[in-house]
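Everything below belongs to query_37.txt, which stores compact mmCIF, C-alpha atoms.
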# COMPACT_ATOMS: atom_id res chain seq x y z
CA MET B 151 27.39 11.42 34.02
CA SER B 152 25.76 14.00 36.28
CA GLY B 153 22.07 13.91 37.04
CA ARG B 154 21.51 17.01 34.90
CA ARG B 155 23.29 15.47 31.90
CA ALA B 156 21.36 12.25 32.34
CA LEU B 157 18.09 14.15 32.26
CA LEU B 158 19.16 16.06 29.15
CA GLY B 159 19.95 12.78 27.45
CA LEU B 160 16.53 11.30 28.06
CA PRO B 161 14.77 13.10 25.17
CA LEU B 162 17.46 11.89 22.77
CA LEU B 163 17.09 8.32 23.96
CA ALA B 164 13.30 8.58 23.66
CA ALA B 165 13.62 9.97 20.14
CA CYS B 166 15.92 7.12 19.09
CA ALA B 167 13.51 4.58 20.58
CA GLU B 168 10.64 6.21 18.71
CA LEU B 169 12.54 6.05 15.42
CA ARG B 170 13.27 2.37 15.95
CA THR B 171 9.65 1.51 16.76
CA PRO B 172 7.01 1.28 14.00
CA GLN B 173 4.40 3.91 14.81
CA ALA B 174 1.66 2.60 12.54
CA LEU B 175 2.11 -0.75 10.86
CA PRO B 176 0.90 -0.87 7.26
CA PRO B 177 -1.64 -3.37 5.98
CA ALA B 178 -0.24 -6.88 5.60
CA VAL B 179 -0.62 -6.76 1.81
CA LEU B 180 2.15 -4.14 1.74
CA THR B 181 4.63 -6.30 3.61
CA THR B 182 4.20 -9.54 1.69
CA ALA B 183 5.63 -8.53 -1.68
CA SER B 184 8.96 -10.05 -2.62
CA GLY B 185 11.73 -7.88 -3.96
CA GLN B 186 14.70 -5.76 -3.05
CA GLY B 187 14.74 -2.53 -1.04
CA GLY B 188 12.24 -3.39 1.65
CA PRO B 189 8.64 -4.63 1.75
CA LEU B 190 6.95 -1.36 0.89
CA ARG B 191 9.20 -0.61 -2.04
CA ALA B 192 8.60 -4.14 -3.34
CA ALA B 193 4.84 -3.63 -3.01
CA ILE B 194 5.01 -0.39 -5.00
CA GLU B 195 6.92 -2.07 -7.82
CA ALA B 196 4.61 -5.12 -7.76
CA THR B 197 1.53 -2.91 -7.96
CA ALA B 198 2.91 -0.94 -10.92
CA ALA B 199 3.76 -4.19 -12.71
CA ALA B 200 0.31 -5.65 -12.04
CA PHE B 201 -1.56 -2.75 -13.64
CA ALA B 202 0.90 -2.21 -16.51
CA ASN B 203 -0.14 -2.84 -20.12
CA GLN B 204 -3.81 -2.25 -19.31
CA GLY B 205 -3.71 -4.84 -16.56
CA GLN B 206 -3.22 -7.74 -18.96
CA ALA B 207 -1.45 -9.80 -16.29
CA LEU B 208 -4.60 -9.68 -14.15
CA GLN B 209 -7.03 -10.91 -16.79
CA GLY B 210 -8.41 -14.30 -15.83
CA GLN B 211 -6.40 -14.19 -12.58
CA PRO B 212 -8.83 -13.24 -9.78
CA ALA B 213 -6.36 -14.00 -6.98
CA GLN B 214 -3.74 -11.68 -8.45
CA ALA B 215 -6.39 -9.08 -9.25
CA ALA B 216 -7.67 -9.08 -5.66
CA LEU B 217 -4.14 -8.64 -4.33
CA ALA B 218 -3.34 -5.83 -6.78
CA LEU B 219 -6.54 -3.99 -5.86
CA ALA B 220 -5.81 -4.46 -2.16
CA ARG B 221 -2.28 -3.13 -2.55
CA LEU B 222 -3.32 -0.01 -4.42
CA GLU B 223 -6.05 0.59 -1.84
CA ALA B 224 -3.45 0.21 0.92
CA LEU B 225 -0.98 2.54 -0.78
CA ASP B 226 -3.71 5.15 -1.09
CA LEU B 227 -4.47 4.73 2.62
CA GLU B 228 -0.81 5.27 3.54
CA VAL B 229 -0.41 8.32 1.32
CA MET B 230 -3.78 10.09 1.58
CA GLU B 231 -5.02 9.29 5.06
CA ARG B 232 -1.97 8.40 7.14
CA ARG B 233 0.19 11.05 5.43
CA ALA B 234 3.07 8.61 5.64
CA TRP B 235 5.27 10.45 3.11
CA PRO B 236 4.49 14.17 2.93
CA MET B 237 7.43 14.58 0.53
CA LEU B 238 5.46 12.83 -2.23
CA SER B 239 3.95 15.23 -4.72
CA GLN B 240 0.27 16.09 -4.35
CA THR B 241 -0.18 15.05 -7.97
CA THR B 242 0.83 11.51 -7.03
CA ALA B 243 -1.48 11.51 -4.02
CA TYR B 244 -4.46 12.67 -6.05
CA ALA B 245 -3.68 10.16 -8.79
CA LEU B 246 -3.77 7.35 -6.22
CA ARG B 247 -7.15 8.48 -4.90
CA THR B 248 -8.55 8.71 -8.43
CA ALA B 249 -7.25 5.20 -9.14
CA ARG B 250 -8.73 3.86 -5.92
CA ASN B 251 -12.13 5.26 -6.86
CA GLU B 252 -11.86 3.80 -10.38
CA ASN B 253 -10.94 0.40 -8.97
CA ARG B 254 -13.88 0.49 -6.57
CA SER B 255 -16.27 1.32 -9.38
CA ALA B 256 -14.89 -1.46 -11.58
CA LEU B 257 -15.37 -4.12 -8.93
CA GLY B 258 -18.53 -2.70 -7.37
CA ILE B 259 -16.99 -1.67 -4.05
CA ALA B 260 -18.99 0.91 -2.14
CA GLN B 261 -17.16 4.25 -2.31
CA SER B 262 -18.04 4.82 1.36
CA ALA B 263 -16.59 1.49 2.52
CA PRO B 264 -13.77 1.91 5.08
CA ALA B 265 -10.41 1.26 3.44
CA PRO B 266 -9.16 -1.17 6.13
CA GLN B 267 -12.20 -3.41 5.58
CA VAL B 268 -11.73 -3.38 1.81
CA ILE B 269 -8.01 -4.14 2.09
CA THR B 270 -8.55 -6.99 4.56
CA ALA B 271 -11.36 -8.54 2.53
CA LEU B 272 -9.48 -8.41 -0.79
CA GLY B 273 -6.27 -9.67 0.79
CA ASN B 274 -8.12 -12.62 2.31
CA VAL B 275 -9.97 -13.31 -0.95
CA SER B 276 -6.61 -13.54 -2.71
CA SER B 277 -5.29 -15.94 -0.06
CA ARG B 278 -8.36 -18.20 -0.23
CA LEU B 279 -8.22 -18.36 -4.01
CA ARG B 280 -4.52 -19.23 -3.99
CA ALA B 281 -5.36 -21.99 -1.53
CA GLY B 282 -7.99 -23.31 -3.94
CA ASN B 283 -10.95 -22.46 -1.67
CA GLN B 284 -13.32 -20.60 -3.98
CA ALA B 285 -16.33 -20.97 -1.69
CA ALA B 286 -14.48 -19.25 1.16
CA ALA B 287 -13.40 -16.47 -1.18
CA GLU B 288 -16.99 -15.90 -2.32
CA ALA B 289 -18.16 -15.76 1.30
CA LEU B 290 -15.76 -12.89 1.99
CA LEU B 291 -17.26 -10.78 -0.79
CA VAL B 292 -20.18 -9.58 1.28
CA PRO B 293 -22.83 -7.31 -0.34
CA ALA B 294 -22.36 -4.71 2.40
CA ILE B 295 -19.01 -3.84 0.79
CA PHE B 296 -19.11 -5.50 -2.63
CA GLU B 297 -22.05 -5.18 -5.02
CA PRO B 298 -23.54 -7.64 -5.78
CA GLY B 299 -21.06 -9.80 -3.88
CA GLY B 300 -20.31 -13.51 -3.81
CA GLN B 301 -19.92 -15.44 -7.04
CA GLN B 302 -20.77 -12.50 -9.30
CA THR B 303 -18.14 -10.24 -7.77
CA LEU B 304 -15.62 -13.06 -7.92
CA ALA B 305 -16.33 -13.46 -11.63
CA ARG B 306 -15.78 -9.73 -12.09
CA LEU B 307 -12.38 -10.05 -10.40
CA GLY B 308 -11.35 -12.34 -13.22
CA ASP B 309 -12.45 -9.86 -15.88
CA LEU B 310 -11.71 -6.35 -14.61
CA GLY B 311 -10.63 -5.00 -17.98
CA PRO B 312 -8.26 -2.01 -18.35
CA LEU B 313 -7.91 0.26 -15.33
CA PRO B 314 -6.09 3.28 -16.80
CA ALA B 315 -6.11 5.39 -13.63
CA ALA B 316 -4.56 2.54 -11.64
CA GLU B 317 -1.93 1.96 -14.32
CA GLN B 318 -1.01 5.64 -14.39
CA ALA B 319 -1.05 6.18 -10.62
CA SER B 320 1.00 3.11 -9.73
CA ALA B 321 3.58 3.90 -12.42
CA THR B 322 3.73 7.52 -11.22
CA LEU B 323 4.27 6.41 -7.62
CA ALA B 324 7.09 4.05 -8.65
CA ARG B 325 8.76 6.85 -10.63
CA GLU B 326 8.34 9.27 -7.74
CA VAL B 327 10.08 6.86 -5.37
CA ARG B 328 12.99 6.51 -7.78
CA ARG B 329 13.20 10.28 -8.25
CA LEU B 330 13.31 10.93 -4.51
CA ASP B 331 16.03 8.30 -4.21
CA LEU B 332 18.16 10.00 -6.86
CA ASP B 333 17.57 13.50 -5.46
CA GLY B 334 18.06 12.48 -1.84
CA GLY B 335 14.62 13.89 -1.23
CA TRP B 336 13.51 11.69 1.66
CA VAL B 337 13.19 13.54 4.96
CA GLY B 338 13.09 12.01 8.42
CA ALA B 339 13.39 8.46 9.64
CA GLY B 340 11.20 5.71 8.29
CA ASN B 341 9.86 2.51 9.78
CA TRP B 342 11.40 -0.93 9.40
CA TRP B 343 8.83 -2.01 6.84
CA GLN B 344 9.83 0.80 4.51
CA THR B 345 13.30 -0.48 3.85
CA GLY B 346 15.00 -2.79 6.30
CA ALA B 347 14.81 -5.15 9.23
CA PRO B 348 13.18 -4.23 12.56
CA GLY B 349 15.43 -1.92 14.52
CA ALA B 350 16.91 -0.17 11.49
CA ILE B 351 16.86 3.59 11.47
CA THR B 352 16.10 4.52 7.89
CA ASP B 353 15.81 7.64 5.80
CA GLY B 354 12.31 7.43 4.33
CA LEU B 355 12.31 4.71 1.69
CA GLY B 356 16.07 4.91 1.23
CA SER B 357 18.68 2.31 2.04
CA GLY B 358 19.01 3.37 5.67
CA VAL B 359 21.56 2.46 8.32
CA ASN B 360 21.46 0.22 11.38

Could you render the structure from this file as structure tokens?
Amino acid sequence: MSGRRALLGLPLLAACAELRTPQALPPAVLTTASGQGGPLRAAIEATAAAFANQGQALQGQPAQAALALARLEALDLEVMERRAWPMLSQTTAYALRTARNENRSALGIAQSAPAPQVITALGNVSSRLRAGNQAAAEALLVPAIFEPGGQQTLARLGDLGPLPAAEQASATLAREVRRLDLDGGWVGAGNWWQTGAPGAITDGLGSGVN
């Protein structure tokens, strides 16, 4: 290969390397759901299932409730702030933000609290509760983010009641993903956590190729 051809090939190699490298890793709560089709897709389905039927599966289950709230908060962060999937409808994006605000009001989370702090705190609360360490979970519910915090906020996690905006938004997002799959509507290459193993070049949330 001549020097000129080698130079012309450099941008292509750089582009391929960029596609194979995650540009902005999502919150851990989005990559810990079990299911088919990649971590993010599994998280979307798990979130929709958690809030379905007026959130009945979350009643009396503070660990699951904390994780569901963290996941919806994280999905909103990916869609609204990181603009991860511009092909999603604006209706879906606005529905997620409305749901996030409803969830925050239900649990007493400050509307001005930075999303990464809320996601991390709720994810860790869920982990501590599943490990049987209630005191550690209460300590993570600090009044600066959660009102009133501590034991009272933990009790509220076990009795959130119906969250209609969250139920609607998470179901809408799951349907939107399926619609884009059927229509072939995903544009551009996605990151490994969207669908496959590290190093896979993927088409949005689709099945992708290695």

Axis-aligned box for all listed atoms of range 180-189 of chain B, 3 Å per side, centre and edges in Å to one decimal, as JSON:
{"center_x": 8.4, "center_y": -6.3, "center_z": -0.2, "size_x": 18.6, "size_y": 13.5, "size_z": 13.6}

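Residues lying within 10 Å of (6.1, 13.5, -3.6). Counted over all atoms listed in the file, they are Val229, Trp235, Pro236, Met237, Leu238, Ser239, Gln240, Thr241, Thr242, Ala243, Thr322, Leu323, Glu326, Val327, Arg329, Leu330, Gly335 and Trp336 of chain B.
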
Expressed in Å, the length from CA of Thr182 in chain B to CA of Ser320 in chain B is 17.3 Å

Could you list, as a VMD selection string, every residue within 8 Å of Ala198 in chain B, counting only C-alpha atoms and ignoring same-chain residues fewer than 4 positions away? chain B and resid 194 202 317 320 to 321 324

Output C-alpha atoms for every residue in the selection just made, as a short mmCIF file (atom, residue, chain, number, x, y, z; two decimals), in the coordinates of the input.
data_model
loop_
_atom_site.label_atom_id
_atom_site.label_comp_id
_atom_site.auth_asym_id
_atom_site.auth_seq_id
_atom_site.Cartn_x
_atom_site.Cartn_y
_atom_site.Cartn_z
CA ILE B 194 5.01 -0.39 -5.00
CA ALA B 202 0.90 -2.21 -16.51
CA GLU B 317 -1.93 1.96 -14.32
CA SER B 320 1.00 3.11 -9.73
CA ALA B 321 3.58 3.90 -12.42
CA ALA B 324 7.09 4.05 -8.65
#

Counting all atoms listed in the file, which residues sit no farther than 8 Å from the position (-7.2, 5.0, -6.4) in the file's frame? I'd like them as a JSON list (two decimals) with C-alpha atoms, in the coordinates of the input.
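As a result, selection.json now contains:
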[["chain", "number", "residue", "atom", "x", "y", "z"],
["B", 222, "LEU", "CA", -3.32, -0.01, -4.42],
["B", 223, "GLU", "CA", -6.05, 0.59, -1.84],
["B", 226, "ASP", "CA", -3.71, 5.15, -1.09],
["B", 245, "ALA", "CA", -3.68, 10.16, -8.79],
["B", 246, "LEU", "CA", -3.77, 7.35, -6.22],
["B", 247, "ARG", "CA", -7.15, 8.48, -4.90],
["B", 248, "THR", "CA", -8.55, 8.71, -8.43],
["B", 249, "ALA", "CA", -7.25, 5.20, -9.14],
["B", 250, "ARG", "CA", -8.73, 3.86, -5.92],
["B", 251, "ASN", "CA", -12.13, 5.26, -6.86],
["B", 252, "GLU", "CA", -11.86, 3.80, -10.38],
["B", 253, "ASN", "CA", -10.94, 0.40, -8.97],
["B", 315, "ALA", "CA", -6.11, 5.39, -13.63],
["B", 316, "ALA", "CA", -4.56, 2.54, -11.64],
["B", 319, "ALA", "CA", -1.05, 6.18, -10.62]]

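Nearest residue to Pro189 in chain B, choosing from B:Ala207, B:Arg328, B:Arg221, B:Tyr244 and counting all atoms listed in the file: B:Arg221.
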
Here CA of Ala289 in chain B and CA of Ala193 in chain B stand apart by 26.4 Å

For Asp309 in chain B, work out the shell of residues within 8 Å, counting only C-alpha atoms and skipping chain neighbours fewer than 5 positions away, then give it as a list in words.
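Here the answer would be Gln209, Gly210 and Pro212 of chain B.
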
Exercise for the section: Fewer than 3 positions away in the same chain doesn't count, so skip those; otherwise give me all residues within 10 Å of range 280-287 of chain B, counting all atoms listed in the file, as a PyMOL selection string. Expected result: chain B and resi 212-214+271-272+274-277+290-292+300-301+304

Closest of B:Pro264, B:Gly273, B:Pro293, B:Pro312 to Leu217 in chain B, counting all atoms listed in the file, is B:Gly273

Report task. Enter the distance from CA of Leu313 in chain B to CA of Arg233 in chain B, in Å, rounded to one decimal. Result ->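 Computing it gives 24.8 Å between the two atoms.
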
From the list B:Ala192, B:Leu208, B:Ala218, B:Gln267, which residue is nearest Ala294 in chain B when using all atoms listed in the file?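 Nearest to Ala294 in chain B: B:Gln267.
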